[in-house]
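Structure file target.tsv; described as TSV, C-alpha atoms.
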chain	number	residue	atom	x	y	z
V	1	MET	CA	42.52	43.48	-20.64
V	2	ARG	CA	41.99	44.28	-24.30
V	3	GLN	CA	39.45	41.51	-24.70
V	4	GLY	CA	37.26	42.94	-21.96
V	5	TYR	CA	37.45	40.17	-19.38
V	6	PHE	CA	37.79	42.63	-16.48
V	7	ASN	CA	35.38	45.33	-17.66
V	8	LYS	CA	32.62	44.25	-15.28
V	9	ALA	CA	34.97	44.05	-12.28
V	10	LEU	CA	36.67	47.37	-13.01
V	11	LYS	CA	33.53	49.33	-13.86
V	12	GLN	CA	32.72	51.69	-11.01
V	13	LYS	CA	29.14	52.11	-10.02
V	14	ILE	CA	28.43	55.71	-9.02
V	15	THR	CA	25.87	55.99	-6.26
V	16	LYS	CA	24.48	59.08	-4.60
V	17	GLY	CA	24.15	59.34	-0.84
V	18	SER	CA	20.76	59.23	0.78
V	19	ALA	CA	19.17	62.21	2.48
V	20	GLU	CA	20.34	60.94	5.85
V	21	THR	CA	23.97	60.23	4.86
V	22	PHE	CA	25.24	63.34	6.61
V	23	GLY	CA	23.26	62.47	9.72
V	24	ASN	CA	24.63	58.92	9.69
V	25	VAL	CA	28.18	60.24	9.59
V	26	LEU	CA	27.54	62.72	12.38
V	27	GLN	CA	25.89	60.07	14.52
V	28	ALA	CA	29.13	58.09	14.45
V	29	ALA	CA	31.24	61.21	15.08
V	30	ILE	CA	32.31	62.27	18.54
V	31	ILE	CA	31.59	65.99	18.77
V	32	GLU	CA	33.91	66.54	21.73
V	33	GLN	CA	36.79	65.06	19.74
V	34	TYR	CA	36.00	67.39	16.84
V	35	ILE	CA	36.01	70.37	19.21
V	36	GLN	CA	39.44	69.35	20.49
V	37	PHE	CA	40.75	69.03	16.91
V	38	ALA	CA	39.47	72.54	16.14
V	39	ARG	CA	41.12	73.93	19.30
V	40	ASP	CA	44.45	72.34	18.37
V	41	ILE	CA	44.27	73.69	14.80
V	42	ILE	CA	43.53	77.23	16.04
V	43	LYS	CA	46.38	76.99	18.55
V	44	THR	CA	48.80	75.98	15.78
V	45	ALA	CA	47.48	78.66	13.41
V	46	ARG	CA	47.89	81.36	16.03
V	47	TYR	CA	51.38	80.13	16.92
V	48	ASN	CA	52.29	80.35	13.21
V	49	LYS	CA	50.77	83.87	13.05
V	50	VAL	CA	48.28	82.97	10.32
V	51	TYR	CA	46.01	85.89	11.26
V	52	GLN	CA	48.75	88.40	12.08
V	53	GLY	CA	47.38	90.95	9.60
V	54	GLY	CA	43.75	90.23	10.52
V	55	THR	CA	41.08	88.69	8.32
V	56	ILE	CA	39.22	91.85	7.22
V	57	ASP	CA	40.89	95.30	7.02
V	58	GLY	CA	43.40	94.50	9.76
V	59	PHE	CA	40.78	93.18	12.18
V	60	THR	CA	40.46	89.52	13.12
V	61	VAL	CA	36.77	88.86	12.48
V	62	ALA	CA	34.76	85.86	13.59
V	63	ALA	CA	31.13	85.01	12.90
V	64	LEU	CA	28.85	83.27	15.37
V	65	ASP	CA	25.60	81.62	14.37
V	66	GLY	CA	23.39	78.66	15.12
V	67	THR	CA	22.51	75.80	12.84
V	68	GLU	CA	20.46	72.66	12.80
V	69	LEU	CA	22.89	69.83	12.22
V	70	THR	CA	20.61	66.83	11.92
V	71	ARG	CA	16.87	66.21	11.65
V	72	THR	CA	15.29	62.80	11.46
V	73	GLU	CA	12.01	61.04	12.08
V	74	SER	CA	13.87	57.85	12.91
V	75	GLN	CA	14.11	57.23	16.65
V	76	HIS	CA	17.13	54.94	16.36
V	77	ARG	CA	19.12	57.63	14.53
V	78	SER	CA	18.44	60.33	17.07
V	79	CYS	CA	20.60	61.10	20.07
V	80	LYS	CA	19.89	61.59	23.76
V	81	LEU	CA	20.50	65.33	23.45
V	82	CYS	CA	18.19	65.85	20.46
V	83	LYS	CA	15.16	68.09	20.70
V	84	ALA	CA	11.76	66.70	19.72
V	85	SER	CA	9.39	68.63	17.46
V	86	LYS	CA	5.85	67.49	16.82
V	87	TYR	CA	4.00	68.46	13.68
V	88	THR	CA	1.14	67.25	11.49
V	89	LYS	CA	1.73	66.34	7.85
V	90	GLU	CA	-0.62	67.38	5.05
V	91	ASP	CA	-2.31	63.96	5.12
V	92	GLY	CA	-3.10	64.40	8.85
V	93	THR	CA	-0.52	62.02	10.30
V	94	LYS	CA	1.31	63.25	13.36
V	95	VAL	CA	5.09	62.99	13.26
V	96	ILE	CA	7.82	63.51	15.84
V	97	GLN	CA	11.10	64.75	14.41
V	98	MET	CA	14.32	64.66	16.38
V	99	HIS	CA	16.83	67.41	15.66
V	100	GLU	CA	20.16	68.53	17.04
V	101	ASN	CA	21.21	72.17	17.02
V	102	PHE	CA	24.63	73.74	17.46
V	103	VAL	CA	26.09	77.21	17.76
V	104	GLY	CA	29.38	77.66	15.97
V	105	ALA	CA	32.03	80.32	15.54
V	106	SER	CA	34.57	80.59	12.75
V	107	TYR	CA	36.89	83.14	11.27
V	108	VAL	CA	35.57	85.02	8.24
V	109	GLY	CA	37.31	87.08	5.59
V	110	LYS	CA	40.81	86.14	4.50
V	111	PRO	CA	41.31	82.36	4.37
V	112	PRO	CA	41.78	80.00	6.07
V	113	ASN	CA	38.34	80.33	7.66
V	114	LEU	CA	39.02	78.01	10.57
V	115	ILE	CA	36.37	76.93	13.04
V	116	LEU	CA	36.95	78.44	16.47
V	117	GLY	CA	34.51	76.19	18.28
V	118	ILE	CA	31.04	74.73	18.43
V	119	GLU	CA	28.58	74.29	21.27
V	120	ARG	CA	25.60	71.94	21.40
V	121	VAL	CA	22.21	73.50	22.16
V	122	SER	CA	20.70	71.35	24.91
V	123	PRO	CA	17.04	70.30	24.58
V	124	LYS	CA	15.80	72.61	27.35
V	125	GLU	CA	17.73	75.74	26.43
V	126	GLY	CA	17.78	78.30	23.66
V	127	GLU	CA	20.39	79.17	21.10
V	128	THR	CA	21.36	82.33	22.98
V	129	THR	CA	22.28	80.37	26.11
V	130	ALA	CA	24.52	78.06	24.08
V	131	ALA	CA	26.07	81.12	22.37
V	132	LEU	CA	26.94	82.64	25.76
V	133	ARG	CA	28.54	79.35	26.80
V	134	LEU	CA	30.48	79.25	23.51
V	135	LEU	CA	31.75	82.81	24.02
V	136	ASP	CA	32.96	81.84	27.50
V	137	ASN	CA	34.66	78.75	26.07
V	138	LEU	CA	36.32	80.74	23.29
V	139	LYS	CA	37.73	83.15	25.87
V	140	SER	CA	39.07	80.31	28.02
V	141	TRP	CA	40.43	78.27	25.09
V	142	HIS	CA	41.97	81.04	22.97
V	143	TYR	CA	41.92	84.10	25.29
V	144	TYR	CA	42.08	86.84	22.62
V	145	TYR	CA	40.27	85.05	19.80
V	146	ALA	CA	38.94	87.97	17.70
V	147	ASP	CA	38.69	91.75	17.44
V	148	VAL	CA	35.17	91.65	15.99
V	149	VAL	CA	32.36	89.09	16.21
V	150	ALA	CA	29.56	89.25	13.63
V	151	LEU	CA	26.14	88.05	14.78
V	152	ASP	CA	22.59	87.97	13.48
V	153	SER	CA	19.63	89.73	15.09
V	154	LEU	CA	18.82	86.79	17.38
V	155	TYR	CA	21.79	87.83	19.50
V	156	ALA	CA	20.73	91.48	19.80
V	157	ASN	CA	20.09	91.18	23.51
V	158	ALA	CA	21.76	92.42	26.68
V	159	PRO	CA	23.44	89.18	27.85
V	160	VAL	CA	25.25	88.62	24.55
V	161	ILE	CA	26.24	92.26	24.08
V	162	ASN	CA	27.44	92.50	27.69
V	163	LYS	CA	29.47	89.29	27.27
V	164	LEU	CA	31.20	90.76	24.20
V	165	LEU	CA	31.91	94.03	26.03
V	166	GLU	CA	33.26	92.07	29.00
V	167	GLN	CA	35.61	90.23	26.62
V	168	ASN	CA	36.65	93.53	24.95
V	169	VAL	CA	35.32	92.33	21.58
V	170	ILE	CA	33.37	94.49	19.13
V	171	GLY	CA	29.98	93.01	18.28
V	172	VAL	CA	28.50	93.67	14.83
V	173	ILE	CA	24.85	92.62	14.69
V	174	ARG	CA	23.16	92.26	11.31
V	175	VAL	CA	19.47	93.15	11.42
V	176	LYS	CA	17.37	92.19	8.42
V	177	GLN	CA	14.54	94.34	7.12
V	178	GLU	CA	11.82	92.22	8.77
V	179	HIS	CA	13.40	92.95	12.18
V	180	TYR	CA	13.64	96.70	11.57
V	181	THR	CA	11.54	97.50	14.67
V	182	LEU	CA	14.54	96.35	16.68
V	183	VAL	CA	16.63	99.12	15.10
V	184	GLN	CA	13.88	101.70	15.71
V	185	ASP	CA	13.65	100.67	19.38
V	186	ALA	CA	17.44	100.98	19.75
V	187	GLU	CA	17.43	104.42	18.09
V	188	GLY	CA	14.71	105.56	20.50
V	189	LEU	CA	16.68	104.35	23.50
V	190	PHE	CA	19.99	105.81	22.36
V	191	SER	CA	18.52	109.18	21.33
V	192	SER	CA	17.28	109.76	24.88
V	193	ARG	CA	20.81	109.06	26.15
V	194	GLY	CA	22.38	111.40	23.63
V	195	LEU	CA	24.44	108.67	21.91
V	196	ILE	CA	23.08	109.23	18.40
Whole structure, structure tokens version:
Amino acid sequence: MRQGYFNKALKQKITKGSAETFGNVLQAAIIEQYIQFARDIIKTARYNKVYQGGTIDGFTVAALDGTELTRTESQHRSCKLCKASKYTKEDGTKVIQMHENFVGASYVGKPPNLILGIERVSPKEGETTAALRLLDNLKSWHYYYADVVALDSLYANAPVINKLLEQNVIGVIRVKQEHYTLVQDAEGLFSSRGLI
């Protein structure tokens, strides 16, 4: 060892992953199996009273949002449930990108911030439809899964709000400044009802 005979064999070559490494891993993953793992972990955490005191100020708070999980131009790396988007590059070539979107819910606030569940957005539906399906699944899987669910302004619509009210869950919707007309419309509606 001191003479250096094994230096070449023991020297580790550090390589960085490619841009599609995450997509390659997810392609091999079975999403349904991951969902079942998450359900089992939440069941165990609830049995062990992990969130007994809540996650934020005594309330058990979950966040729900959509995300694009993978995007690729490679047809062999896309899935059957991927959406296709066509666009033109700066040089004028037309490209079809395949992407897969999900809606997920997880606990926020005091750790552990466990994932409650995820739902795939099908190619012919919107993120809101998948979110409604996820809320139904959360109710059936975990029954009383959260006191409060935080959402972004995409979910500021009647079906989502009614679903939360039906489940006896408080919905907190974050509206950014560029969507301020949504707040003004709501204020106008509520002022005529005498709620403000």
Q.
Can you measure CA of Asp57 (chain V) to CA of Ile170 (chain V) for me? One decimal in Å is fine.
A.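 Pair CA of Asp57 (chain V) / CA of Ile170 (chain V) returns 14.3 Å.
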Q) Can you tell me, as a ChimeraX atom specification, what residues are no more than 6 Å from Phe102 (chain V) when counting all atoms listed in the file, ignoring any on the same chain fewer than 3 positions away? A) /V:66-67,119-121
Let me see the file: selected residues, C-alpha atoms, as a PDB file, keeping the file's coordinate frame.
ATOM      1  CA  GLY V  66      23.390  78.660  15.120  1.00  0.00           C
ATOM      2  CA  THR V  67      22.510  75.800  12.840  1.00  0.00           C
ATOM      3  CA  GLU V 119      28.580  74.290  21.270  1.00  0.00           C
ATOM      4  CA  ARG V 120      25.600  71.940  21.400  1.00  0.00           C
ATOM      5  CA  VAL V 121      22.210  73.500  22.160  1.00  0.00           C
TER       6      VAL V 121
END
**Q.** Residue list as a ChimeraX atom specification for point (21.4, 73.8, 16.9), cut-off 10 Å, all atoms listed in the file
**A.** /V:65-70,82-83,99-104,118-123,126-127,130
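Nearest-residue note for Phe59 (chain V): choosing from V:Val169, V:Leu154, V:Ile42, V:Leu134, the minimum distance belongs to V:Val169, counting all atoms listed in the file.
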Q.
Calculated over all atoms listed in the file, which of the candidates V:Ala146, V:Met98, V:Ala38, V:Ala84 has the smallest distance to Leu64 (chain V)?
A. V:Ala146
(Q) Taking 5 positions as the minimum chain separation for residues in the same chain, which residues sit within 8 Å of Gly171 (chain V) when counting all atoms listed in the file? Answer as a list in words. (A) Val148, Val149, Ala150, Leu151, Ile161 and Leu164 of chain V
Q: Kindly indicate which residue among V:Ala158, V:Val108, V:Ile96, V:Ile35 lies nearest to Gly54 (chain V), using all atoms listed in the file for the distances.
A: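 Smallest distance to Gly54 (chain V) is found for V:Val108.
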Q) Which is closer to Arg133 (chain V) than all the others in V:Pro111, V:Asp152, V:Ala105, V:Val50, using all atoms listed in the file? A)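 With all atoms listed in the file as the atom set, the closest residue is V:Ala105.
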Q: Mind giving me the straight-line distance from CA of Asp185 (chain V) to CA of Asn162 (chain V) in Å, one decimal?
A: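 Separating CA of Asp185 (chain V) from CA of Asn162 (chain V) is a distance of 18.1 Å.
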Q: Work out how far apart CA of Val172 (chain V) and CA of Pro112 (chain V) are and give it in Å to one decimal.
A: 21.0 Å
